[in-house]
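Enquirer: This is protein_14.cif (mmCIF, C-alpha atoms).
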data_entry
#
loop_
_atom_site.label_atom_id
_atom_site.label_comp_id
_atom_site.auth_asym_id
_atom_site.auth_seq_id
_atom_site.Cartn_x
_atom_site.Cartn_y
_atom_site.Cartn_z
CA MET A 1140 14.25 25.20 3.78
CA ILE A 1141 11.23 23.54 5.34
CA ASP A 1142 8.53 26.06 6.22
CA ARG A 1143 5.33 23.97 6.13
CA ILE A 1144 4.94 20.46 7.52
CA LEU A 1145 1.96 18.11 7.32
CA VAL A 1146 1.69 15.64 10.21
CA PRO A 1147 -1.10 13.07 9.78
CA MET A 1148 -2.32 11.85 13.17
CA ASP A 1149 -4.54 9.14 14.50
CA ASP A 1150 -4.64 8.01 18.12
CA SER A 1151 -1.43 5.94 17.93
CA ASP A 1152 1.85 6.37 19.79
CA HIS A 1153 3.70 6.51 16.45
CA ALA A 1154 1.59 9.48 15.34
CA GLU A 1155 2.39 11.32 18.57
CA GLN A 1156 6.08 10.55 18.09
CA ALA A 1157 5.87 11.92 14.54
CA LEU A 1158 4.37 15.19 15.80
CA ALA A 1159 6.98 15.47 18.56
CA TYR A 1160 9.72 14.85 15.96
CA ALA A 1161 8.35 17.59 13.69
CA LEU A 1162 8.06 20.07 16.55
CA GLU A 1163 11.58 19.35 17.86
CA ASN A 1164 13.42 19.18 14.54
CA TYR A 1165 11.68 21.97 12.64
CA PRO A 1166 11.29 24.72 15.25
CA ASP A 1167 10.56 27.48 12.73
CA ALA A 1168 8.14 25.57 10.50
CA ASP A 1169 4.36 25.86 10.50
CA VAL A 1170 2.91 22.47 11.46
CA THR A 1171 -0.50 21.28 10.31
CA VAL A 1172 -2.03 18.21 11.93
CA LEU A 1173 -4.36 16.21 9.68
CA HIS A 1174 -6.81 13.65 11.04
CA VAL A 1175 -8.80 11.61 8.53
CA VAL A 1176 -12.20 10.22 9.53
CA GLY A 1177 -14.62 7.96 7.70
CA ALA A 1178 -11.99 5.49 6.59
CA PRO A 1179 -13.12 2.37 4.71
CA SER A 1180 -13.99 -0.66 6.81
CA MET A 1181 -15.51 -4.10 6.31
CA MET A 1182 -18.99 -2.82 7.18
CA MET A 1183 -18.42 0.87 6.33
CA GLY A 1184 -19.35 1.67 9.96
CA GLU A 1185 -17.60 5.00 10.49
CA ALA A 1186 -18.17 6.19 6.93
CA ALA A 1187 -21.86 5.25 7.05
CA SER A 1188 -22.45 6.92 10.42
CA LEU A 1189 -20.84 10.13 9.15
CA ALA A 1190 -22.99 10.07 6.03
CA LEU A 1191 -26.12 9.72 8.16
CA ALA A 1192 -25.24 12.63 10.48
CA ASP A 1193 -27.42 15.72 10.29
CA ASP A 1194 -24.35 17.96 10.02
CA PHE A 1195 -21.62 16.00 8.23
CA GLU A 1196 -18.84 18.55 8.83
CA ALA A 1197 -19.66 18.93 12.52
CA ALA A 1198 -19.71 15.14 12.97
CA ALA A 1199 -16.30 14.83 11.29
CA GLU A 1200 -14.88 17.62 13.46
CA GLU A 1201 -16.28 15.95 16.57
CA ARG A 1202 -14.61 12.64 15.67
CA ALA A 1203 -11.28 14.39 15.18
CA GLU A 1204 -11.37 16.52 18.32
CA SER A 1205 -9.73 14.03 20.70
CA VAL A 1206 -6.77 13.65 18.33
CA PHE A 1207 -6.53 17.44 17.95
CA GLU A 1208 -6.64 17.94 21.72
CA ARG A 1209 -3.67 15.61 22.11
CA ALA A 1210 -1.85 17.37 19.25
CA ARG A 1211 -2.37 20.75 20.92
CA GLU A 1212 -1.08 19.33 24.24
CA LEU A 1213 2.08 18.06 22.55
CA ALA A 1214 2.56 21.38 20.77
CA SER A 1215 2.10 23.26 24.05
CA ASP A 1216 4.78 21.06 25.65
CA HIS A 1217 7.13 22.42 22.95
CA ASP A 1218 5.87 26.03 23.30
CA ARG A 1219 4.35 25.76 19.84
CA GLU A 1220 0.97 25.89 18.17
CA VAL A 1221 -0.38 23.71 15.40
CA GLU A 1222 -3.07 24.14 12.78
CA THR A 1223 -5.62 21.35 12.50
CA VAL A 1224 -7.54 20.04 9.53
CA VAL A 1225 -10.02 17.18 9.12
CA GLY A 1226 -10.02 14.92 6.09
CA VAL A 1227 -12.75 12.48 5.18
CA GLY A 1228 -12.29 9.13 3.47
CA HIS A 1229 -9.20 7.07 2.80
CA PRO A 1230 -6.25 8.25 4.97
CA ALA A 1231 -3.42 7.67 2.48
CA ARG A 1232 -5.30 9.31 -0.38
CA ASN A 1233 -6.13 12.34 1.80
CA ILE A 1234 -2.52 12.77 2.85
CA VAL A 1235 -1.10 12.39 -0.67
CA ASP A 1236 -3.72 14.77 -2.11
CA ARG A 1237 -2.78 17.48 0.42
CA ALA A 1238 0.99 16.89 0.47
CA ALA A 1239 1.85 19.20 -2.44
CA LYS A 1240 0.87 22.21 -0.30
CA TYR A 1241 3.65 21.37 2.18
CA ASP A 1242 7.43 21.06 2.11
CA THR A 1243 7.41 17.65 3.79
CA VAL A 1244 5.18 15.08 5.46
CA VAL A 1245 6.19 13.67 8.85
CA ILE A 1246 4.26 10.48 9.59
CA GLY A 1247 4.37 7.68 12.14
CA ALA A 1248 5.61 4.37 10.78
CA HIS A 1249 2.54 2.55 12.12
CA GLY A 1250 -0.90 3.90 12.91
CA ALA A 1251 -3.60 2.82 15.29
CA ASP A 1252 -4.48 -0.12 13.03
CA ARG A 1253 -1.12 -1.84 13.43
CA GLY A 1254 -1.80 -5.50 14.09
CA ARG A 1255 -5.29 -5.56 12.59
CA ALA A 1256 -4.72 -7.89 9.64
CA THR A 1257 -8.12 -7.41 8.01
CA ARG A 1258 -7.85 -3.63 8.09
CA ARG A 1259 -4.31 -3.72 6.73
CA PHE A 1260 -5.46 -5.98 3.90
CA LEU A 1261 -8.30 -3.60 3.00
CA VAL A 1262 -6.53 -0.25 3.07
CA GLY A 1263 -2.83 -1.12 3.18
CA ASN A 1264 -0.21 0.55 5.30
CA VAL A 1265 -0.85 4.29 5.17
CA ALA A 1266 2.76 5.30 5.84
CA GLU A 1267 4.04 2.97 3.14
CA THR A 1268 1.56 4.28 0.58
CA VAL A 1269 2.28 7.90 1.44
CA SER A 1270 6.05 7.37 1.21
CA LYS A 1271 5.65 5.89 -2.27
CA ARG A 1272 3.17 8.40 -3.68
CA ALA A 1273 3.68 11.77 -2.00
CA PRO A 1274 5.02 14.55 -4.23
CA VAL A 1275 7.23 15.86 -1.38
CA PRO A 1276 9.77 14.22 0.92
CA VAL A 1277 8.29 11.98 3.62
CA VAL A 1278 9.88 11.41 7.03
CA LEU A 1279 8.85 8.13 8.69
CA VAL A 1280 9.11 8.19 12.48
CA ARG A 1281 9.27 5.04 14.61
#
Give the structure from the file, written as structure tokens.
Expert:
Amino acid sequence: MIDRILVPMDDSDHAEQALAYALENYPDADVTVLHVVGAPSMMMGEAASLALADDFEAAAEERAESVFERARELASDHDREVETVVGVGHPARNIVDRAAKYDTVVIGAHGADRGRATRRFLVGNVAETVSKRAPVPVVLVR
């Protein structure tokens, strides 16, 4: 039985579809939405700006809020609520590190970086990495 689901979200359509899938197909499960900020980049822009913030945790929460607002809207459309959690650093590593606390991970097949060749080269496809390394079953949603 699946009681706890982790749904990693960025601002992509695939991430929203993954959350909708989890909410529709697991009506009795607790759903946690994870948004990871401060991901690696060529110039370390987001990670560097977070590190320079006066209140690191508040800055990370602020960056995640737009994704969480959308997640709460989708959950409300399904008469559900979701928990939210912010991760910092590499998205795939954050997801895999947290996955053992859940029964399954439901993730969009492509994130917001789909089509950005340089970014894909640097950090790889998050969904692919998670599906290979997670200690629990992973559902990929297209």
Enquirer: Let me know the residues the PyMOL selection byres ((chain A and resi 1153) around 10) catches in the file above, as a JSON list (two decimals) with C-alpha atoms, in the coordinates of the input.
Expert:
[["chain", "number", "residue", "atom", "x", "y", "z"],
["A", 1148, "MET", "CA", -2.32, 11.85, 13.17],
["A", 1149, "ASP", "CA", -4.54, 9.14, 14.50],
["A", 1150, "ASP", "CA", -4.64, 8.01, 18.12],
["A", 1151, "SER", "CA", -1.43, 5.94, 17.93],
["A", 1152, "ASP", "CA", 1.85, 6.37, 19.79],
["A", 1154, "ALA", "CA", 1.59, 9.48, 15.34],
["A", 1155, "GLU", "CA", 2.39, 11.32, 18.57],
["A", 1156, "GLN", "CA", 6.08, 10.55, 18.09],
["A", 1157, "ALA", "CA", 5.87, 11.92, 14.54],
["A", 1158, "LEU", "CA", 4.37, 15.19, 15.80],
["A", 1159, "ALA", "CA", 6.98, 15.47, 18.56],
["A", 1246, "ILE", "CA", 4.26, 10.48, 9.59],
["A", 1247, "GLY", "CA", 4.37, 7.68, 12.14],
["A", 1248, "ALA", "CA", 5.61, 4.37, 10.78],
["A", 1249, "HIS", "CA", 2.54, 2.55, 12.12],
["A", 1250, "GLY", "CA", -0.90, 3.90, 12.91],
["A", 1251, "ALA", "CA", -3.60, 2.82, 15.29],
["A", 1279, "LEU", "CA", 8.85, 8.13, 8.69],
["A", 1280, "VAL", "CA", 9.11, 8.19, 12.48],
["A", 1281, "ARG", "CA", 9.27, 5.04, 14.61]]
Enquirer: So that I can see what lies close to Ala1273 (chain A), please list as a ChimeraX atom specification the residues with an atom at most 9 Å from it, counting all atoms listed in the file and leaving out residues fewer than 4 positions away in the same chain.
Expert: /A:1234-1239,1244,1268-1269,1277
Enquirer: Only C-alpha atoms, please: the residues just picked out, written as a CSV table (one decimal), in the frame of the given file.
Expert:
chain,number,residue,atom,x,y,z
A,1234,ILE,CA,-2.5,12.8,2.8
A,1235,VAL,CA,-1.1,12.4,-0.7
A,1236,ASP,CA,-3.7,14.8,-2.1
A,1237,ARG,CA,-2.8,17.5,0.4
A,1238,ALA,CA,1.0,16.9,0.5
A,1239,ALA,CA,1.8,19.2,-2.4
A,1244,VAL,CA,5.2,15.1,5.5
A,1268,THR,CA,1.6,4.3,0.6
A,1269,VAL,CA,2.3,7.9,1.4
A,1277,VAL,CA,8.3,12.0,3.6
Enquirer: Translate the PyMOL selection byres ((chain A and resi 1204) around 12), as applied to the file shown, into an explicit residue set as a list of chain:residue names.
Expert: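 Selected by the PyMOL selection byres ((chain A and resi 1204) around 12) here: A:Met1148, A:Asp1149, A:Asp1150, A:Val1172, A:Leu1173, A:His1174, A:Val1175, A:Val1176, A:Ala1197, A:Ala1198, A:Ala1199, A:Glu1200, A:Glu1201, A:Arg1202, A:Ala1203, A:Ser1205, A:Val1206, A:Phe1207, A:Glu1208, A:Arg1209, A:Ala1210, A:Arg1211, A:Thr1223, A:Val1224, A:Val1225.
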Enquirer: When distances are computed from only C-alpha atoms, which of A:Ser1215, A:Thr1243, A:Asn1164, A:Ser1270 shows the smallest separation from Leu1145 (chain A)?
Expert: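 Going through A:Ser1215, A:Thr1243, A:Asn1164, A:Ser1270 one by one, the smallest distance to Leu1145 (chain A) is for A:Thr1243.
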Enquirer: For Tyr1165 (chain A), list every protein, DNA or RNA residue within 10 Å, evaluated using all atoms listed in the file, and leave out those in the same chain fewer than 3 positions away; present the list as a PyMOL selection string.
Expert: chain A and resi 1140-1144+1159-1162+1168-1170
Enquirer: May I ask which of the residues A:Glu1212, A:Asp1242, A:Glu1196, A:Asp1167 is the closest one to Val1146 (chain A), counting only C-alpha atoms?
Expert: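 Of all the options, A:Asp1242 lies closest to Val1146 (chain A).
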Enquirer: If I take CA of Glu1267 (chain A) and CA of His1229 (chain A), how far is one from the other in Å, to one decimal?
Expert: 13.9 Å
Enquirer: What does the distance between CA of Val1245 (chain A) and CA of Val1278 (chain A) come to in Å, to one decimal place?
Expert: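 We find that CA of Val1245 (chain A) and CA of Val1278 (chain A) lie 4.7 Å from each other.
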Enquirer: Enter the distance from CA of Thr1171 (chain A) to CA of Val1221 (chain A), in Å, rounded to one decimal.
Expert: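 Distance between the two atoms: 5.6 Å.
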Enquirer: My list of candidates is A:Pro1147, A:Lys1271, A:Pro1166, A:His1217. Which is closest to Pro1230 (chain A) when distances are computed with all atoms listed in the file?
Expert: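 Result for the nearest residue to Pro1230 (chain A): A:Pro1147.
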